[in-house]
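Text of protein-v4.txt (compact mmCIF, C-alpha atoms) as supplied:
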# COMPACT_ATOMS: atom_id res chain seq x y z
CA ILE A 1 -16.92 -10.58 9.86
CA ASP A 2 -14.75 -13.25 11.52
CA LEU A 3 -11.58 -11.28 12.17
CA TYR A 4 -10.64 -7.61 12.42
CA LYS A 5 -7.09 -6.61 11.42
CA ILE A 6 -6.21 -3.11 12.61
CA SER A 7 -3.16 -1.29 11.26
CA PHE A 8 -1.17 0.06 14.18
CA ASP A 9 2.46 0.78 13.31
CA SER A 10 3.63 2.50 16.46
CA PRO A 11 2.79 2.55 20.19
CA ASN A 12 4.15 6.10 20.30
CA LYS A 13 1.48 8.73 19.70
CA LYS A 14 3.72 11.17 17.80
CA THR A 15 5.24 8.46 15.59
CA PHE A 16 1.84 6.92 14.89
CA ASN A 17 0.28 10.25 13.86
CA ASN A 18 3.28 11.04 11.64
CA LEU A 19 3.01 7.66 9.90
CA VAL A 20 -0.71 7.90 9.16
CA ARG A 21 -0.51 11.67 8.52
CA VAL A 22 -3.52 12.42 10.73
CA ALA A 23 -3.97 12.84 14.49
CA ALA A 24 -5.80 9.53 14.94
CA TYR A 25 -3.83 7.73 17.68
CA ASP A 26 -6.25 8.32 20.56
CA LYS A 27 -9.32 7.42 18.51
CA VAL A 28 -7.78 4.26 17.04
CA LEU A 29 -6.47 3.07 20.41
CA SER A 30 -9.84 3.72 22.05
CA ASN A 31 -11.67 1.77 19.35
CA VAL A 32 -9.19 -1.13 19.61
CA LYS A 33 -9.84 -1.41 23.34
CA LYS A 34 -13.61 -1.37 22.75
CA LEU A 35 -13.29 -4.03 20.04
CA VAL A 36 -11.31 -6.37 22.29
CA ASN A 37 -14.15 -6.31 24.80
CA THR A 38 -16.68 -7.55 22.23
CA TRP A 39 -17.31 -10.97 20.65
CA ALA A 40 -15.11 -10.15 17.65
CA ALA A 41 -11.63 -11.59 17.10
CA ALA A 42 -8.99 -8.96 16.38
CA VAL A 43 -5.25 -8.53 15.82
CA LEU A 44 -2.99 -5.53 15.40
CA ASN A 45 -1.16 -5.43 12.04
CA VAL A 46 2.22 -3.75 12.43
CA VAL A 47 4.67 -3.04 9.60
CA ILE A 48 8.14 -3.31 11.12
CA SER A 49 10.89 -1.08 9.73
CA LYS A 50 14.04 0.62 10.96
CA GLU A 51 11.82 3.55 11.88
CA ASN A 52 9.91 1.67 14.57
CA ILE A 53 11.98 -1.42 15.51
CA SER A 54 13.27 0.43 18.60
CA GLU A 55 9.64 0.58 19.80
CA LEU A 56 9.10 -3.19 19.64
CA ASP A 57 9.17 -3.74 23.42
CA SER A 58 6.74 -0.87 23.99
CA LEU A 59 4.48 -2.23 21.26
CA ILE A 60 4.37 -5.67 22.85
CA GLU A 61 3.71 -4.17 26.29
CA LEU A 62 0.83 -2.11 24.88
CA ALA A 63 -0.69 -5.13 23.13
CA GLU A 64 -0.37 -7.20 26.31
CA SER A 65 -2.08 -4.48 28.36
CA ILE A 66 -4.99 -4.43 25.90
CA GLY A 67 -5.09 -8.20 25.42
CA ILE A 68 -4.76 -8.25 21.63
CA ASP A 69 -2.41 -10.36 19.49
CA LEU A 70 0.15 -8.88 17.10
CA SER A 71 0.80 -9.61 13.44
CA LEU A 72 4.20 -8.23 12.41
CA LEU A 73 4.82 -7.65 8.69
CA ASP A 74 7.94 -6.53 6.85
CA ALA A 75 7.71 -3.44 4.66
CA VAL A 76 6.57 -4.06 1.08
CA CYS A 77 8.43 -2.30 -1.71
CA HIS A 78 6.31 -0.29 -4.14
CA THR A 79 7.35 2.05 -6.92
CA SER A 80 6.22 5.01 -4.85
CA ASN A 81 8.22 4.10 -1.73
CA LYS A 82 11.30 2.43 -3.20
CA SER A 83 13.82 4.93 -1.80
CA TRP A 84 12.22 4.80 1.67
CA TRP A 85 12.11 0.99 1.51
CA LYS A 86 15.81 0.69 0.63
CA GLU A 87 16.70 2.88 3.60
CA ASN A 88 14.26 1.47 6.18
CA PHE A 89 13.59 -2.19 5.35
CA PHE A 90 14.23 -4.35 8.44
CA ASP A 91 15.18 -7.96 7.74
CA PHE A 92 12.97 -10.41 9.63
CA GLU A 93 15.87 -12.78 10.15
CA ASP A 94 17.12 -10.13 12.58
CA LEU A 95 13.64 -9.83 14.10
CA ARG A 96 13.56 -13.58 14.66
CA ASP A 97 16.85 -13.32 16.54
CA ILE A 98 15.35 -10.65 18.80
CA LEU A 99 12.18 -12.61 19.53
CA ASN A 100 13.96 -15.97 19.94
CA LYS A 101 15.90 -14.54 22.89
CA LYS A 102 12.72 -13.56 24.74
CA TYR A 103 9.84 -15.81 23.72
CA SER A 104 9.09 -19.42 22.84
CA LEU A 105 7.89 -20.51 19.44
CA LEU A 106 4.34 -21.76 19.59
CA TRP A 107 4.93 -24.86 17.45
CA ASP A 108 7.70 -26.04 19.80
CA LYS A 109 5.03 -27.23 22.21
CA GLU A 110 1.60 -28.80 22.00
CA PRO A 111 -1.01 -26.10 22.64
CA SER A 112 -3.53 -26.65 25.40
CA PRO A 113 -7.23 -27.01 24.46
CA GLU A 114 -7.76 -23.40 25.56
CA VAL A 115 -4.93 -22.19 23.30
CA LYS A 116 -6.21 -24.25 20.36
CA LYS A 117 -9.66 -22.70 20.75
CA ARG A 118 -8.15 -19.22 20.78
CA LEU A 119 -6.03 -19.91 17.70
CA GLN A 120 -9.08 -21.18 15.83
CA LYS A 121 -10.86 -17.94 16.68
CA ILE A 122 -8.16 -15.90 14.94
CA GLN A 123 -8.06 -18.37 12.04
CA VAL A 124 -4.71 -20.02 12.74
CA LYS A 125 -4.00 -23.52 11.45
CA LYS A 126 -0.99 -25.57 12.53
CA SER A 127 0.02 -26.04 8.89
CA SER A 128 0.69 -22.29 8.67
CA TRP A 129 3.00 -22.08 11.67
CA VAL A 130 6.19 -22.81 9.75
CA SER A 131 5.55 -20.10 7.14
CA PHE A 132 4.04 -17.75 9.70
CA PRO A 133 5.71 -18.46 13.05
CA TYR A 134 3.86 -17.57 16.24
CA TYR A 135 5.62 -16.52 19.43
CA ASP A 136 4.01 -16.85 22.85
CA THR A 137 4.74 -14.01 25.29
CA GLY A 138 2.64 -15.59 28.00
CA LYS A 139 -0.12 -13.03 27.46
CA ILE A 140 -0.46 -12.65 23.68
CA TYR A 141 0.74 -14.26 20.45
CA ILE A 142 3.04 -12.56 17.98
CA ARG A 143 2.74 -13.65 14.34
CA LEU A 144 5.50 -12.99 11.80
CA LYS A 145 4.72 -12.50 8.12
CA ASP A 146 8.21 -12.75 6.63
CA SER A 147 8.12 -12.10 2.89
CA LYS A 148 11.34 -14.07 2.31
CA ARG A 149 10.04 -17.25 3.89
CA ALA A 150 6.30 -16.94 3.39
CA THR A 151 6.11 -15.80 -0.24
CA ARG A 152 5.39 -18.74 -2.50
CA ARG A 153 7.41 -18.86 -5.72
CA ASP A 154 6.75 -20.32 -9.15
CA ASN A 155 9.06 -21.69 -11.85
CA ILE A 156 8.64 -18.44 -13.75
CA CYS A 157 10.20 -16.62 -10.79
CA GLU A 158 13.58 -18.34 -11.04
CA ASN A 159 15.25 -15.86 -13.41
CA CYS A 160 13.27 -12.79 -12.39
CA THR A 161 15.32 -9.84 -11.11
CA HIS A 162 12.29 -8.09 -9.58
CA TYR A 163 12.16 -8.23 -5.77
CA CYS A 164 8.76 -9.72 -5.01
CA GLN A 165 6.99 -10.01 -1.66
CA GLU A 166 3.72 -11.45 -2.90
CA TRP A 167 2.93 -14.64 -4.75
CA LEU A 168 1.46 -15.31 -8.15
CA CYS A 169 -2.15 -15.93 -7.16
CA MET A 170 -2.49 -12.28 -6.13
CA MET A 171 -4.31 -10.93 -9.20
CA ARG A 172 -3.92 -7.20 -9.81
CA LEU A 173 -6.15 -4.91 -11.79
CA THR A 174 -4.94 -1.37 -12.51
CA LEU A 175 -7.14 1.70 -12.98
CA ASN A 176 -6.59 1.56 -16.74
CA TRP A 177 -7.66 -2.11 -16.91
CA TRP A 178 -4.30 -3.84 -17.12
CA MET A 179 -4.35 -7.18 -15.27
CA THR A 180 -1.58 -9.45 -14.01
CA ASP A 181 -0.72 -11.95 -11.30
CA CYS A 182 2.90 -10.79 -11.22
CA GLN A 183 4.59 -7.66 -9.90
CA SER A 184 7.30 -7.56 -12.55
CA ILE A 185 7.14 -5.00 -15.33
CA SER A 186 7.53 -7.57 -18.11
CA GLU A 187 4.87 -6.81 -20.72
CA ASN A 188 4.42 -10.55 -21.24
CA ASN A 189 2.82 -10.75 -17.80
CA TRP A 190 0.21 -8.02 -18.32
CA PHE A 191 -3.14 -8.12 -20.13
CA ARG A 192 -5.83 -5.57 -20.90
CA ALA A 193 -8.92 -6.86 -19.12
CA ASN A 194 -11.54 -4.64 -20.76
CA ARG A 195 -10.84 -5.12 -24.48
CA LEU A 196 -9.33 -8.39 -25.66
CA ASP A 197 -9.53 -9.68 -29.21
CA SER A 198 -9.76 -13.44 -29.83
CA ASN A 199 -5.98 -13.94 -29.98
CA GLU A 200 -5.45 -11.97 -26.77
CA ARG A 201 -8.16 -13.95 -25.01
CA LYS A 202 -6.53 -17.19 -26.15
CA HIS A 203 -3.15 -15.92 -24.98
CA MET A 204 -4.61 -14.94 -21.62
CA ILE A 205 -6.33 -18.33 -21.14
CA ASN A 206 -3.09 -20.17 -21.92
CA PHE A 207 -1.23 -17.86 -19.57
CA LEU A 208 -3.61 -18.56 -16.67
CA GLN A 209 -3.74 -22.30 -17.36
CA ASN A 210 0.05 -22.48 -17.20
CA ARG A 211 0.06 -20.49 -13.97
CA PHE A 212 -2.71 -22.46 -12.30
CA PRO A 213 -2.90 -25.97 -13.77
CA SER A 214 -5.97 -27.92 -12.69
What does this structure look like when you write it as structure tokens?
Amino acid sequence: IDLYKISFDSPNKKTFNNLVRVAAYDKVLSNVKKLVNTWAAAVLNVVISKENISELDSLIELAESIGIDLSLLDAVCHTSNKSWWKENFFDFEDLRDILNKKYSLLWDKEPSPEVKKRLQKIQVKKSSWVSFPYYDTGKIYIRLKDSKRATRRDNICENCTHYCQEWLCMMRLTLNWWMTDCQSISENNWFRANRLDSNERKHMINFLQNRFPS
């Protein structure tokens, strides 16, 4: 294992336990501190929403005190959480404005050899900085995964009305064996993976070849 990503959506014990629906704050925080003191590289994954944006400063302070970098993600909309998402989604353009006032963007300066070595440890390449900007607090790095900017689109996406936060190479397989690389509900984008006749297999091959030309 090269990198551990630990979900940690709130520095507040009560909020954290409510979000994960189990009293796990103390145990998770203790294990994170132990992990940081080992050879392993690790980051805290934090889904930012209107529910926890007010805790951002406390979150950064906690991460700095531990010595672990942050990866901030916007909330992903699923069928099961659509009403919550509409009410609590926090636009990362606004988050950028907040962070720009306090911290410098990492790609605005040439990293020192020590910084480059650290970035390599957590699997960061300079080519990814534009899609996934990194902020330097002086003690840790804060990575933004902004679905608007970082999600790659395809020609087939142009007229789609489905709000998508993942890109087409993310293959999905449902419990009843339907497979797709697209989140939309269009039946043309779904295939049964367990039982395909010759025409369906041909259709599926053409579909994948058009999506991922060699």
Review point. Leaving out Ser65 (chain A) and any residue of its chain fewer than 4 positions from it, which residues lie within 12 Å of it when counting only C-alpha atoms, given as number ranges by chain?
Key: A: 11, 29, 32-33, 36, 58-61, 69, 139-140
Point to revise | Spatial neighbours of region 85-100 of chain A, max dist 6 Å, all atoms listed in the file, sep filter under 4 positions, as a ChimeraX atom specification | key: /A:49-50,77,81
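Taking CA of Ala40 (chain A) and CA of Leu70 (chain A) as the two end points, the separation is 15.3 Å.
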Exercise for review: Name all residues at most 12 Å from Asn12 (chain A) (count only C-alpha atoms; drop same-chain ones fewer than 6 positions away) and give them as a PyMOL selection string.
Suggested key: chain A and resi 18-19+24-26+29+51-59+61-62
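Going from CA of Ile6 (chain A) over to CA of Arg143 (chain A), you cover 13.9 Å.
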Revision key, fill the gap. Restricting to all atoms listed in the file, whichever of A:Val28, A:Val47, A:Leu105, A:Val76 is closest to Gly138 (chain A) is A:Leu105
